[in-house]
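Data block below; observations after.
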There are 2 protein chains.
Amino acid sequence: MNAAVPGILLARAALSRLIEPSDTVGQALVMAVGPEAAARIASGRQMPGAADRRGLSALLEENGIRGSEQTLNEALGRWRPRAAGLAPERDLATVSRFGGTLLVPEDHRWPGALDELGLGTPFCLWTRGGTAIPPAAQCVAVVGSRDATAYGLSVTGDLAAGLVQRGRTVISGGAYGIDAQAHRSALAVSGREPEPGEPAQIPTLAVLAGGIDRFYPAGNEDLLRAVVDRGLILSEVPPGSAPTRWRFLQRNRLIAALSAATIVVEARWRSGALNTAHHAAGLGRGVGAVPGPVYSANSAGCHRLLRDGSAVCVTDAAEVVELSDPLGLPSAEPAGPGAGPIENRPDKRADHDGLAVEDILLLDALPLRTGSPVEKLAMVAGLGLPAVRAGLARLELEGLARRSNTGAWQRARRSGPGR
Amino acid sequence: MNAAVPGILLARAALSRLIEPSDTVGQALVMAVGPEAAARIASGRQMPGAADRRGLSALLEENGIRGSEQTLNEALGRWRPRAAGLAPERDLATVSRFGGTLLVPEDHRWPGALDELGLGTPFCLWTRGGTAIPPAAQCVAVVGSRDATAYGLSVTGDLAAGLVQRGRTVISGGAYGIDAQAHRSALAVSGREPEPGEPAQIPTLAVLAGGIDRFYPAGNEDLLRAVVDRGLILSEVPPGSAPTRWRFLQRNRLIAALSAATIVVEARWRSGALNTAHHAAGLGRGVGAVPGPVYSANSAGCHRLLRDGSAVCVTDAAEVVELSDPLGLPSAEPAGPGAGPIENRPDKRADHDGLAVEDILLLDALPLRTGSPVEKLAMVAGLGLPAVRAGLARLELEGLARRSNTGAWQRARRSGPGR
């Protein structure tokens with residue numbers, strides 16, 4: 001073993017090679033005996049002692065998992081077939097050659113938000129890219145279908161851009177469709193690269209299901225390369241690992257755990273994006289869903305989340321920030337044009353806004369063209385004479401009523417932007 | 001006074017002429033002294049006695065309204081200016097000439113659901129059309145913007161048709177846009193007129209803000225005439241009354257109260273349809289909102305309801321029925337083509353559905369084209385040999401794995417519709 005590399009890095013690198021993501025027995029073993037002993041046990045270089053087994057059982061039980069004498073033996077049966085080709089130094093060298101690094105929980109740069117995964121906490125993170133992982137409070141996951149519609153891509157672009165403009169990092173999975181658009185838009189709006197040494201907010205972070213030495217899917221290679229250059233990619237599986245279905249599903253829990261909120265932009269009735277949303281909900285993080293046309297199968301999953309109450313309806317970046325930051329922590333104001341792409345709150349004030357009931361009745365009774373005497377207004381509005389007189393005075397002040405030379409009253413139009 | 005007309009009808013007809021909708025003092029007076037004395041007092045033909053005033057104050061107080069000696073005097077000041085032209089017999093004759101009738105709470109046909117409005121209960125309903133008002137459990141309000149989009153009109157058409165096919169009556173306000181489309185679609189799908197004497201479910205019911213002798217807006221005259229012919233229109237204000245802003249707002253409470261659920265299909269950020277939704281929520285009735293594109297200002301009000309939790313996301317008639325009928329009371333099954341216009345739940349089973357974790361890992365490891373020996377599968381999947389052997393047997397049974405002559409294993413594709 002290379003003496004220059006701390007044993008803890010080698011141990012956790014080995015564990016990530018031997019044990020599949022979310023194998024709770026593996027993480028429980030690490031917690032019970034420490035990563036180095038766990039790596040020796042998992043690879044068959046050390047027999048677990050009676051105390052080790054007791055510690056493991058206690059930990060599993062604490063987490064509501066029934067363990068037996070057989071639990072560890074079965075796990076060893078899963079892990080040891082992979083011990084043959086084990087070479088953590090080589091994996092570390094490979095990642096290093098790509099300019100990457102191995103992040104472990106013992107490192108102060110470790111994102112503490114992942115620890116909320118409990119026994120699902122990854123052994124380590126293989127990362128590539130320039131800067132540190134931002135705290136979860138600053139991160140929002142934007143996820144969705146691979147076969148996105150033009151509508152979904154457009155909303156994703158607006159959301160991701162708006163989030164970066166508000167100082168957030170957009171996390172996604174690097175897949176085709178919504179994921180790719182989220183990364184792309186975050187990069188596009190983030191503008192220049194930071195000066196050397198400048199503490200930069202990274203615009204985007206991709207969590208991959210396979211090794212960080214292979215850009216998957218191949219069609220996103222250029223995009224993922226750009227994410228490495230100006231953001232960060234990471235994975236819990238070592239270089240060379242294939243992105244299997246299981247790893248895709250488990251990858252989703254990392255996306256959710258690294259983010260204050262997870263937003264599903266488009267998802268079919270069943271979609272991996274819903275899996276990410278459920279992970280986020282399980283962690284008590286915000287979950288948002290973007291509504292869409294009811295005829296779009298690509299929005300059916302979003303509507304499902306809204307219907308069952310798992311997600312909050314979000315329609316623009318400001319609403320996403322509100323969801324990810326319910327206590328209103330200070331956030332950068334959006335800058336520049338396009339910062340508020342979705343404007344559904346025009347809110348021209350209506351004439352009757354803010355009026356009391358009697359004044360609405362009176363306003364309704366006022367004729368638009370010819371004047372009406374006070375007595376007639378009382379009858380039409382269904383109000384007493386004193387109420388009509390007082391109301392007319394108020395409406396005149398508001399610029400909503402005017403009196404002619406003959407003493408009759410009629411409607412006026414409020415001018416300007418209201419009070 | 002015409003002796004052939006019961007005094008109670010004349011009294012309530014007069015009250016509906018003298019007093020604006022939702023004037024709580026008026027309804028409290030009726031509850032305190034009865035409709036006939038209330039009509040005499042409101043029109044100035046009888047002075048309120050001390051006992052009347054005490055009864056009124058007690059009723060207002062029960063309803064959380066602070067009343068004083070002045071409360072009734074102010075109300076009388078509002079009501080009496082209208083007593084001059086009062087002619088309830090004429091109003092009844094007018095409605096009768098139109099084939100209509102006056103429905104009062106003392107009538108067994110009175111829709112009891114309206115009484116939940118408390119002091120907001122209307123004095124009476126002026127109705128026109130062939131059949132009785134269905135119980136609220138069978139009614140769904142479908143409302144929305146006047147300036148509907150093609151999307152909104154399309155969804156409204158599908159929802160209204162689906163509701164009528166499920167035995168529901170569609171209630172709306174007879175306005176342009178969503179309202180008109182709801183009535184139109186309900187009529188279109190309801191098919192033939194019922195035989196004479198046949199107890200028919202009416203397809204649609206319009207609640208008007210003005211008198212039932214005038215079809216408002218004029219552009220909907222033909223439509224409202226068709227609603228009269230095969231459904232029902234009603235209003236709480238007497239014939240000849242103008243549809244004022246106030247009456248529009250109050251009309252919305254009747255739409256909400258007559259329906260088990262109110263569905264907002266399209267609404268701007270501020271819209272009368274939201275007012276109806278809030279009335280429904282206040283009455284504890286179901287509120288549904290149809291999602292739409294986030295770029296559509298006409299869906300902003302719906303998304304607002306979804307966001308603040310006031311409404312449930314609904315995307316088709318089946319979901320609306322579920323909302324209006326949470327206990328699953330028996331409902332007619334939709335009949336005929338087009339009954340389920342929105343089909344977002346294709347639900348082709350995926351190969352890995354229902355598999356245990358180990359079998360998913362194994363499925364991921366199975367090569368598609370060339371076979372793989374059991375030992376290699378164990379390493380790739382990260383599973384022990386016994387687990388791999390047991391798993392392969394299960395996957396083979398599921399039709400997902402097959403063994404070649406050489407003993408190597410590979411993926412197979414599930415055939416047929418699955419288990």
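We name chains A, B, ... following the order of the structure tokens; residues begin at 1 in each chain, and ligands are numbered from 1 as shown.
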
Report the closest atom pair, with its distance in Å rounded to one decimal, for each residue of chain B that has an atom no farther than 7 Å from chain A; count only C-alpha atoms, sort by chain and then rising residue number, and write it as a Markdown table.
| residue | atom | partner | partner_atom | distance |
| --- | --- | --- | --- | --- |
| B:Ile19 | CA | A:Gly382 | CA | 6.6 |
| B:Glu20 | CA | A:Gly382 | CA | 6.5 |
| B:Gly77 | CA | A:Gly384 | CA | 4.2 |
| B:Arg78 | CA | A:Leu383 | CA | 3.7 |
| B:Trp79 | CA | A:Gly382 | CA | 5.9 |
| B:Pro81 | CA | A:Met379 | CA | 5.0 |
| B:Arg82 | CA | A:Met379 | CA | 5.1 |
| B:Thr244 | CA | A:Asp364 | CA | 5.8 |
| B:Arg245 | CA | A:Asp364 | CA | 6.2 |
| B:Trp246 | CA | A:Leu361 | CA | 6.1 |
| B:Trp269 | CA | A:Arg345 | CA | 6.0 |
| B:Pro291 | CA | A:Pro291 | CA | 5.5 |
| B:Gly292 | CA | A:Pro293 | CA | 4.5 |
| B:Pro293 | CA | A:Gly292 | CA | 4.5 |
| B:Val294 | CA | A:Thr315 | CA | 5.4 |
| B:Tyr295 | CA | A:Ile342 | CA | 6.2 |
| B:Ala297 | CA | A:Asn344 | CA | 5.0 |
| B:Ala300 | CA | A:Asn344 | CA | 5.9 |
| B:His303 | CA | A:Cys313 | CA | 6.6 |
| B:Leu306 | CA | A:Cys313 | CA | 6.0 |
| B:Arg307 | CA | A:Cys313 | CA | 4.9 |
| B:Val312 | CA | A:Arg307 | CA | 5.9 |
| B:Cys313 | CA | A:Arg307 | CA | 4.9 |
| B:Thr315 | CA | A:Val294 | CA | 5.4 |
| B:Ile342 | CA | A:Tyr295 | CA | 6.3 |
| B:Asn344 | CA | A:Ala297 | CA | 5.1 |
| B:Arg345 | CA | A:Trp269 | CA | 6.1 |
| B:Ile360 | CA | A:Trp246 | CA | 6.7 |
| B:Leu361 | CA | A:Trp246 | CA | 6.1 |
| B:Asp364 | CA | A:Thr244 | CA | 5.8 |
| B:Ala378 | CA | A:Pro81 | CA | 6.5 |
| B:Met379 | CA | A:Pro81 | CA | 5.1 |
| B:Gly382 | CA | A:Arg78 | CA | 5.2 |
| B:Leu383 | CA | A:Arg78 | CA | 3.7 |
| B:Gly384 | CA | A:Arg78 | CA | 4.0 |

Save the residues we just selected, N, CA and C atoms, as a short mmCIF file (atom, residue, chain, number, x, y, z; two decimals), in the first residue's frame?
data_model
loop_
_atom_site.label_atom_id
_atom_site.label_comp_id
_atom_site.auth_asym_id
_atom_site.auth_seq_id
_atom_site.Cartn_x
_atom_site.Cartn_y
_atom_site.Cartn_z
N ILE B 19 -83.82 43.99 -0.68
CA ILE B 19 -82.55 43.80 0.02
C ILE B 19 -81.52 43.14 -0.90
N GLU B 20 -80.33 43.69 -0.94
CA GLU B 20 -79.27 43.13 -1.78
C GLU B 20 -78.82 41.76 -1.25
N GLY B 77 -82.75 52.14 6.43
CA GLY B 77 -82.39 53.25 5.54
C GLY B 77 -81.95 52.74 4.17
N ARG B 78 -81.32 51.55 4.13
CA ARG B 78 -80.90 50.96 2.86
C ARG B 78 -82.10 50.41 2.08
N TRP B 79 -83.01 49.79 2.82
CA TRP B 79 -84.06 49.01 2.17
C TRP B 79 -85.24 49.85 1.70
N PRO B 81 -85.78 52.89 0.54
CA PRO B 81 -85.88 53.64 -0.72
C PRO B 81 -86.46 52.79 -1.86
N ARG B 82 -86.35 51.46 -1.73
CA ARG B 82 -86.84 50.60 -2.82
C ARG B 82 -88.30 50.19 -2.64
N THR B 244 -75.21 43.41 -11.47
CA THR B 244 -74.16 44.33 -11.03
C THR B 244 -72.94 43.56 -10.53
N ARG B 245 -71.85 44.29 -10.33
CA ARG B 245 -70.63 43.66 -9.84
C ARG B 245 -70.87 42.95 -8.51
N TRP B 246 -71.58 43.64 -7.63
CA TRP B 246 -71.86 43.06 -6.33
C TRP B 246 -72.63 41.75 -6.47
N TRP B 269 -54.52 35.68 -12.28
CA TRP B 269 -54.04 35.84 -10.90
C TRP B 269 -55.14 36.39 -10.01
N PRO B 291 -54.30 22.39 -13.70
CA PRO B 291 -53.00 22.99 -14.01
C PRO B 291 -52.91 23.33 -15.48
N GLY B 292 -51.98 24.19 -15.81
CA GLY B 292 -51.76 24.55 -17.21
C GLY B 292 -50.33 25.02 -17.38
N PRO B 293 -49.99 25.46 -18.58
CA PRO B 293 -48.62 25.93 -18.80
C PRO B 293 -48.29 27.10 -17.86
N VAL B 294 -47.08 27.11 -17.33
CA VAL B 294 -46.71 28.21 -16.42
C VAL B 294 -46.64 29.53 -17.15
N TYR B 295 -46.53 29.50 -18.47
CA TYR B 295 -46.45 30.74 -19.24
C TYR B 295 -47.84 31.34 -19.50
N ALA B 297 -51.00 33.19 -18.58
CA ALA B 297 -51.56 34.04 -17.53
C ALA B 297 -52.92 33.53 -17.10
N ALA B 300 -52.54 31.24 -14.14
CA ALA B 300 -51.84 31.74 -12.95
C ALA B 300 -52.72 31.66 -11.70
N HIS B 303 -52.78 28.04 -10.52
CA HIS B 303 -51.53 27.67 -9.86
C HIS B 303 -51.43 28.32 -8.49
N LEU B 306 -53.33 26.15 -6.21
CA LEU B 306 -52.58 24.92 -5.93
C LEU B 306 -51.44 25.21 -4.97
N ARG B 307 -50.78 26.32 -5.20
CA ARG B 307 -49.62 26.69 -4.39
C ARG B 307 -49.98 26.94 -2.94
N VAL B 312 -57.08 21.21 -4.87
CA VAL B 312 -56.45 19.95 -5.26
C VAL B 312 -56.23 19.99 -6.77
N CYS B 313 -55.12 19.44 -7.21
CA CYS B 313 -54.84 19.38 -8.65
C CYS B 313 -55.74 18.34 -9.30
N THR B 315 -57.02 16.75 -13.14
CA THR B 315 -56.67 16.75 -14.56
C THR B 315 -57.71 16.05 -15.43
N ILE B 342 -58.81 12.05 -21.10
CA ILE B 342 -57.44 12.39 -20.77
C ILE B 342 -56.76 11.14 -20.24
N ASN B 344 -53.41 9.68 -19.20
CA ASN B 344 -51.99 9.87 -18.93
C ASN B 344 -51.39 8.72 -18.17
N ARG B 345 -52.16 7.68 -17.98
CA ARG B 345 -51.65 6.59 -17.15
C ARG B 345 -51.54 5.33 -17.98
N ILE B 360 -33.02 -6.76 -8.93
CA ILE B 360 -32.74 -5.61 -9.80
C ILE B 360 -31.24 -5.55 -10.09
N LEU B 361 -30.44 -5.74 -9.02
CA LEU B 361 -28.98 -5.73 -9.20
C LEU B 361 -28.56 -6.81 -10.20
N ASP B 364 -29.58 -5.95 -13.74
CA ASP B 364 -28.64 -4.97 -14.29
C ASP B 364 -27.37 -5.64 -14.79
N ALA B 378 -21.88 -12.68 -10.17
CA ALA B 378 -21.77 -12.37 -8.74
C ALA B 378 -20.91 -11.13 -8.55
N MET B 379 -19.80 -11.06 -9.27
CA MET B 379 -18.88 -9.93 -9.12
C MET B 379 -19.50 -8.65 -9.66
N GLY B 382 -22.38 -7.58 -7.52
CA GLY B 382 -22.08 -7.36 -6.10
C GLY B 382 -22.95 -8.22 -5.22
N LEU B 383 -23.12 -9.48 -5.62
CA LEU B 383 -23.97 -10.41 -4.86
C LEU B 383 -23.19 -11.70 -4.62
N GLY B 384 -23.51 -12.41 -3.57
CA GLY B 384 -22.90 -13.71 -3.32
C GLY B 384 -23.41 -14.76 -4.29
#

_Report as a list of chain:residue names all protein, DNA and RNA residues lying within 10 Å of A:Leu187, evaluated on only C-alpha atoms, omitting residues in the same chain fewer than 6 positions from it._
A:Ala160, A:Ala161, A:Val164, A:Val170, A:Gln181, A:Glu193, A:Ile202, A:Pro203, A:Thr204, A:Leu223, A:Ala226, A:Val227, A:Arg230, A:Gly231

_Please list as a list in words every residue within 12 Å of A:Arg90, counting only C-alpha atoms and excluding residues in the same chain fewer than 4 positions away._
Met1, Asn2, Val5, Leu10, Ala13, Ala14, Arg17, Gly85, Leu86, Thr94, Val95, Ser96, Arg97, Pro238, Pro239 and Gly240 of chain A

For the residues in the current selection, export all heavy atoms as an mmCIF file, in the first residue's frame.
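Wrote result_16.cif, looks like this:
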data_model
loop_
_atom_site.group_PDB
_atom_site.id
_atom_site.type_symbol
_atom_site.label_atom_id
_atom_site.label_comp_id
_atom_site.auth_asym_id
_atom_site.auth_seq_id
_atom_site.Cartn_x
_atom_site.Cartn_y
_atom_site.Cartn_z
ATOM 1 N N MET A 1 0.833 -1.203 0.000
ATOM 2 C CA MET A 1 0.000 0.000 0.000
ATOM 3 C C MET A 1 0.868 1.254 0.000
ATOM 4 O O MET A 1 1.881 1.311 0.685
ATOM 5 C CB MET A 1 -0.892 -0.012 1.256
ATOM 6 C CG MET A 1 -2.256 0.557 0.971
ATOM 7 S SD MET A 1 -3.333 0.421 2.419
ATOM 8 C CE MET A 1 -4.190 -1.113 2.065
ATOM 9 N N ASN A 2 0.440 2.227 -0.775
ATOM 10 C CA ASN A 2 1.208 3.454 -0.924
ATOM 11 C C ASN A 2 1.157 4.269 0.361
ATOM 12 O O ASN A 2 0.112 4.747 0.776
ATOM 13 C CB ASN A 2 0.619 4.259 -2.093
ATOM 14 C CG ASN A 2 1.446 5.494 -2.372
ATOM 15 O OD1 ASN A 2 2.258 5.908 -1.528
ATOM 16 N ND2 ASN A 2 1.235 6.074 -3.537
ATOM 17 N N VAL A 5 -0.528 7.823 0.624
ATOM 18 C CA VAL A 5 -1.982 8.023 0.631
ATOM 19 C C VAL A 5 -2.544 7.603 1.979
ATOM 20 O O VAL A 5 -2.303 6.484 2.409
ATOM 21 C CB VAL A 5 -2.638 7.192 -0.489
ATOM 22 C CG1 VAL A 5 -4.139 7.420 -0.482
ATOM 23 C CG2 VAL A 5 -2.036 7.531 -1.827
ATOM 24 N N LEU A 10 -7.773 5.157 1.125
ATOM 25 C CA LEU A 10 -7.707 3.853 0.474
ATOM 26 C C LEU A 10 -8.853 2.960 0.925
ATOM 27 O O LEU A 10 -9.474 2.266 0.120
ATOM 28 C CB LEU A 10 -6.369 3.174 0.784
ATOM 29 C CG LEU A 10 -5.155 3.830 0.109
ATOM 30 C CD1 LEU A 10 -3.855 3.249 0.683
ATOM 31 C CD2 LEU A 10 -5.217 3.628 -1.405
ATOM 32 N N ALA A 13 -12.139 4.244 -0.625
ATOM 33 C CA ALA A 13 -12.119 3.954 -2.064
ATOM 34 C C ALA A 13 -12.421 2.468 -2.287
ATOM 35 O O ALA A 13 -13.202 2.103 -3.174
ATOM 36 C CB ALA A 13 -10.752 4.314 -2.649
ATOM 37 N N ALA A 14 -11.809 1.608 -1.450
ATOM 38 C CA ALA A 14 -12.035 0.164 -1.594
ATOM 39 C C ALA A 14 -13.494 -0.188 -1.294
ATOM 40 O O ALA A 14 -14.130 -0.962 -2.018
ATOM 41 C CB ALA A 14 -11.102 -0.602 -0.650
ATOM 42 N N ARG A 17 -15.788 0.378 -4.033
ATOM 43 C CA ARG A 17 -15.625 -0.601 -5.113
ATOM 44 C C ARG A 17 -16.291 -1.928 -4.754
ATOM 45 O O ARG A 17 -16.905 -2.582 -5.600
ATOM 46 C CB ARG A 17 -14.116 -0.805 -5.373
ATOM 47 C CG ARG A 17 -13.717 -1.895 -6.325
ATOM 48 C CD ARG A 17 -14.040 -1.590 -7.759
ATOM 49 N NE ARG A 17 -13.211 -0.522 -8.322
ATOM 50 C CZ ARG A 17 -13.443 0.024 -9.529
ATOM 51 N NH1 ARG A 17 -14.462 -0.410 -10.270
ATOM 52 N NH2 ARG A 17 -12.680 0.987 -9.979
ATOM 53 N N GLY A 85 -10.120 -8.124 -7.826
ATOM 54 C CA GLY A 85 -9.469 -7.089 -8.634
ATOM 55 C C GLY A 85 -9.248 -5.784 -7.895
ATOM 56 O O GLY A 85 -8.965 -4.755 -8.525
ATOM 57 N N LEU A 86 -9.400 -5.803 -6.571
ATOM 58 C CA LEU A 86 -9.392 -4.562 -5.796
ATOM 59 C C LEU A 86 -8.054 -3.821 -5.879
ATOM 60 O O LEU A 86 -7.008 -4.406 -5.631
ATOM 61 C CB LEU A 86 -9.708 -4.887 -4.331
ATOM 62 C CG LEU A 86 -10.155 -3.731 -3.451
ATOM 63 C CD1 LEU A 86 -11.464 -3.143 -3.951
ATOM 64 C CD2 LEU A 86 -10.293 -4.229 -2.009
ATOM 65 N N THR A 94 -6.213 7.062 -11.005
ATOM 66 C CA THR A 94 -7.029 7.342 -12.197
ATOM 67 C C THR A 94 -7.754 8.669 -12.044
ATOM 68 O O THR A 94 -7.722 9.536 -12.930
ATOM 69 C CB THR A 94 -8.074 6.218 -12.403
ATOM 70 O OG1 THR A 94 -7.386 4.988 -12.553
ATOM 71 C CG2 THR A 94 -8.934 6.500 -13.631
ATOM 72 N N VAL A 95 -8.420 8.831 -10.912
ATOM 73 C CA VAL A 95 -9.183 10.050 -10.690
ATOM 74 C C VAL A 95 -8.264 11.261 -10.663
ATOM 75 O O VAL A 95 -8.586 12.335 -11.183
ATOM 76 C CB VAL A 95 -10.006 9.926 -9.392
ATOM 77 C CG1 VAL A 95 -10.475 11.276 -8.931
ATOM 78 C CG2 VAL A 95 -11.183 9.006 -9.623
ATOM 79 N N SER A 96 -7.117 11.074 -10.059
ATOM 80 C CA SER A 96 -6.143 12.155 -9.985
ATOM 81 C C SER A 96 -5.701 12.573 -11.389
ATOM 82 O O SER A 96 -5.536 13.754 -11.687
ATOM 83 C CB SER A 96 -4.952 11.668 -9.145
ATOM 84 O OG SER A 96 -4.019 12.684 -9.006
ATOM 85 N N ARG A 97 -5.528 11.580 -12.254
ATOM 86 C CA ARG A 97 -5.120 11.859 -13.623
ATOM 87 C C ARG A 97 -6.173 12.716 -14.334
ATOM 88 O O ARG A 97 -5.858 13.548 -15.190
ATOM 89 C CB ARG A 97 -4.928 10.526 -14.367
ATOM 90 C CG ARG A 97 -4.089 10.630 -15.628
ATOM 91 C CD ARG A 97 -3.624 9.259 -16.117
ATOM 92 N NE ARG A 97 -4.705 8.355 -16.426
ATOM 93 C CZ ARG A 97 -4.967 7.206 -15.775
ATOM 94 N NH1 ARG A 97 -4.193 6.805 -14.773
ATOM 95 N NH2 ARG A 97 -5.975 6.451 -16.139
ATOM 96 N N PRO A 238 -16.679 4.146 -7.963
ATOM 97 C CA PRO A 238 -15.315 4.471 -8.396
ATOM 98 C C PRO A 238 -15.196 4.543 -9.923
ATOM 99 O O PRO A 238 -16.101 4.114 -10.628
ATOM 100 C CB PRO A 238 -14.496 3.304 -7.840
ATOM 101 C CG PRO A 238 -15.455 2.192 -7.638
ATOM 102 C CD PRO A 238 -16.787 2.807 -7.372
ATOM 103 N N PRO A 239 -14.103 5.101 -10.405
ATOM 104 C CA PRO A 239 -13.914 5.234 -11.844
ATOM 105 C C PRO A 239 -14.083 3.884 -12.536
ATOM 106 O O PRO A 239 -13.747 2.838 -11.987
ATOM 107 C CB PRO A 239 -12.482 5.762 -11.985
ATOM 108 C CG PRO A 239 -11.856 5.648 -10.642
ATOM 109 C CD PRO A 239 -12.961 5.670 -9.647
ATOM 110 N N GLY A 240 -14.622 3.928 -13.745
ATOM 111 C CA GLY A 240 -14.809 2.705 -14.509
ATOM 112 C C GLY A 240 -16.133 2.027 -14.251
ATOM 113 O O GLY A 240 -16.525 1.128 -14.985
#

_What's around stretch 21-27 of chain B at 10 Å? Count only C-alpha atoms, leave out sequence neighbours fewer than 4 positions away in its own chain, and write the answer as a PyMOL selection string._
(chain A and resi 357) or (chain B and resi 15-17+31-32+34-35+38-39+42+56-57+59-60+63+65+67+71-72+74-76+79+117-123+209+236-237+246-251+253)

*DSSP strand (DSSP E or B) selection over stretch 183-415 of chain A, as a list in words*: Thr204, Leu205, Ala206, Val207, Leu232, Ile233, Leu234, Ser235, Ala261, Thr262, Ile263, Val264, Gly286, Val287, Gly288, Ala289, Val312, Cys313, Ser372, Ala401, Arg402, Arg403, Trp409, Gln410 and Arg411 of chain A

*Check the DSSP output for the backbone and give back, as a list of chain:residue names, the residues of stretch 61-99 of chain A in alpha helix (DSSP H).*
A:Glu61, A:Glu62, A:Glu69, A:Gln70, A:Thr71, A:Leu72, A:Asn73, A:Glu74, A:Ala75, A:Leu76, A:Gly77, A:Arg78, A:Trp79, A:Pro88, A:Glu89, A:Arg90, A:Asp91, A:Leu92, A:Ala93, A:Thr94, A:Val95, A:Ser96, A:Arg97

Okay, now the selection with N, CA, C and O atoms, as a short mmCIF file (atom, residue, chain, number, x, y, z; two decimals), in the first residue's frame?
data_model
loop_
_atom_site.label_atom_id
_atom_site.label_comp_id
_atom_site.auth_asym_id
_atom_site.auth_seq_id
_atom_site.Cartn_x
_atom_site.Cartn_y
_atom_site.Cartn_z
N GLU A 61 -30.08 -2.49 14.42
CA GLU A 61 -31.29 -2.45 15.21
C GLU A 61 -31.73 -1.01 15.48
O GLU A 61 -32.91 -0.67 15.36
N GLU A 62 -30.76 -0.17 15.83
CA GLU A 62 -31.05 1.26 16.03
C GLU A 62 -31.76 1.84 14.83
O GLU A 62 -32.55 2.78 14.94
N GLU A 69 -27.15 -13.30 12.83
CA GLU A 69 -25.81 -13.84 12.58
C GLU A 69 -25.57 -13.91 11.07
O GLU A 69 -24.49 -13.61 10.58
N GLN A 70 -26.65 -14.23 10.35
CA GLN A 70 -26.54 -14.44 8.91
C GLN A 70 -26.34 -13.14 8.13
O GLN A 70 -25.81 -13.15 7.02
N THR A 71 -26.83 -12.00 8.70
CA THR A 71 -26.82 -10.75 7.94
C THR A 71 -25.42 -10.41 7.42
O THR A 71 -25.23 -10.11 6.24
N LEU A 72 -24.44 -10.45 8.32
CA LEU A 72 -23.09 -10.10 7.90
C LEU A 72 -22.52 -11.16 6.96
O LEU A 72 -21.83 -10.83 5.99
N ASN A 73 -22.81 -12.43 7.26
CA ASN A 73 -22.28 -13.48 6.39
C ASN A 73 -22.79 -13.34 4.96
O ASN A 73 -22.05 -13.47 4.00
N GLU A 74 -24.10 -13.02 4.85
CA GLU A 74 -24.65 -12.82 3.52
C GLU A 74 -23.99 -11.63 2.84
O GLU A 74 -23.70 -11.66 1.64
N ALA A 75 -23.79 -10.57 3.63
CA ALA A 75 -23.17 -9.38 3.06
C ALA A 75 -21.76 -9.71 2.57
O ALA A 75 -21.35 -9.30 1.47
N LEU A 76 -21.02 -10.45 3.38
CA LEU A 76 -19.65 -10.82 2.97
C LEU A 76 -19.71 -11.64 1.68
O LEU A 76 -18.85 -11.50 0.81
N GLY A 77 -20.74 -12.45 1.57
CA GLY A 77 -20.92 -13.23 0.34
C GLY A 77 -21.13 -12.32 -0.87
O GLY A 77 -20.71 -12.62 -1.98
N ARG A 78 -21.78 -11.16 -0.64
CA ARG A 78 -22.00 -10.20 -1.73
C ARG A 78 -20.72 -9.46 -2.09
O ARG A 78 -20.45 -9.15 -3.24
N TRP A 79 -19.96 -9.12 -1.04
CA TRP A 79 -18.84 -8.20 -1.24
C TRP A 79 -17.58 -8.89 -1.75
O TRP A 79 -16.84 -8.35 -2.57
N PRO A 88 -7.45 0.07 -4.84
CA PRO A 88 -7.87 1.45 -4.56
C PRO A 88 -6.81 2.48 -4.96
O PRO A 88 -7.17 3.59 -5.38
N GLU A 89 -5.51 2.14 -4.84
CA GLU A 89 -4.48 3.10 -5.26
C GLU A 89 -4.65 3.45 -6.73
O GLU A 89 -4.50 4.59 -7.13
N ARG A 90 -4.96 2.42 -7.52
CA ARG A 90 -5.11 2.64 -8.95
C ARG A 90 -6.31 3.54 -9.22
O ARG A 90 -6.27 4.43 -10.05
N ASP A 91 -7.43 3.29 -8.48
CA ASP A 91 -8.61 4.14 -8.67
C ASP A 91 -8.30 5.59 -8.31
O ASP A 91 -8.71 6.52 -9.02
N LEU A 92 -7.56 5.76 -7.22
CA LEU A 92 -7.19 7.12 -6.81
C LEU A 92 -6.29 7.78 -7.85
O LEU A 92 -6.45 8.96 -8.17
N ALA A 93 -5.38 6.98 -8.39
CA ALA A 93 -4.48 7.52 -9.41
C ALA A 93 -5.25 7.91 -10.66
O ALA A 93 -5.01 8.96 -11.28
N THR A 94 -6.21 7.06 -11.00
CA THR A 94 -7.03 7.34 -12.20
C THR A 94 -7.75 8.67 -12.04
O THR A 94 -7.72 9.54 -12.93
N VAL A 95 -8.42 8.83 -10.91
CA VAL A 95 -9.18 10.05 -10.69
C VAL A 95 -8.26 11.26 -10.66
O VAL A 95 -8.59 12.33 -11.18
N SER A 96 -7.12 11.07 -10.06
CA SER A 96 -6.14 12.15 -9.98
C SER A 96 -5.70 12.57 -11.39
O SER A 96 -5.54 13.75 -11.69
N ARG A 97 -5.53 11.58 -12.25
CA ARG A 97 -5.12 11.86 -13.62
C ARG A 97 -6.17 12.72 -14.33
O ARG A 97 -5.86 13.55 -15.19
#

*May I ask for the distance between atom CA of A:Ala390 and atom CA of A:Val374, given in Å to one decimal place?*
10.9 Å
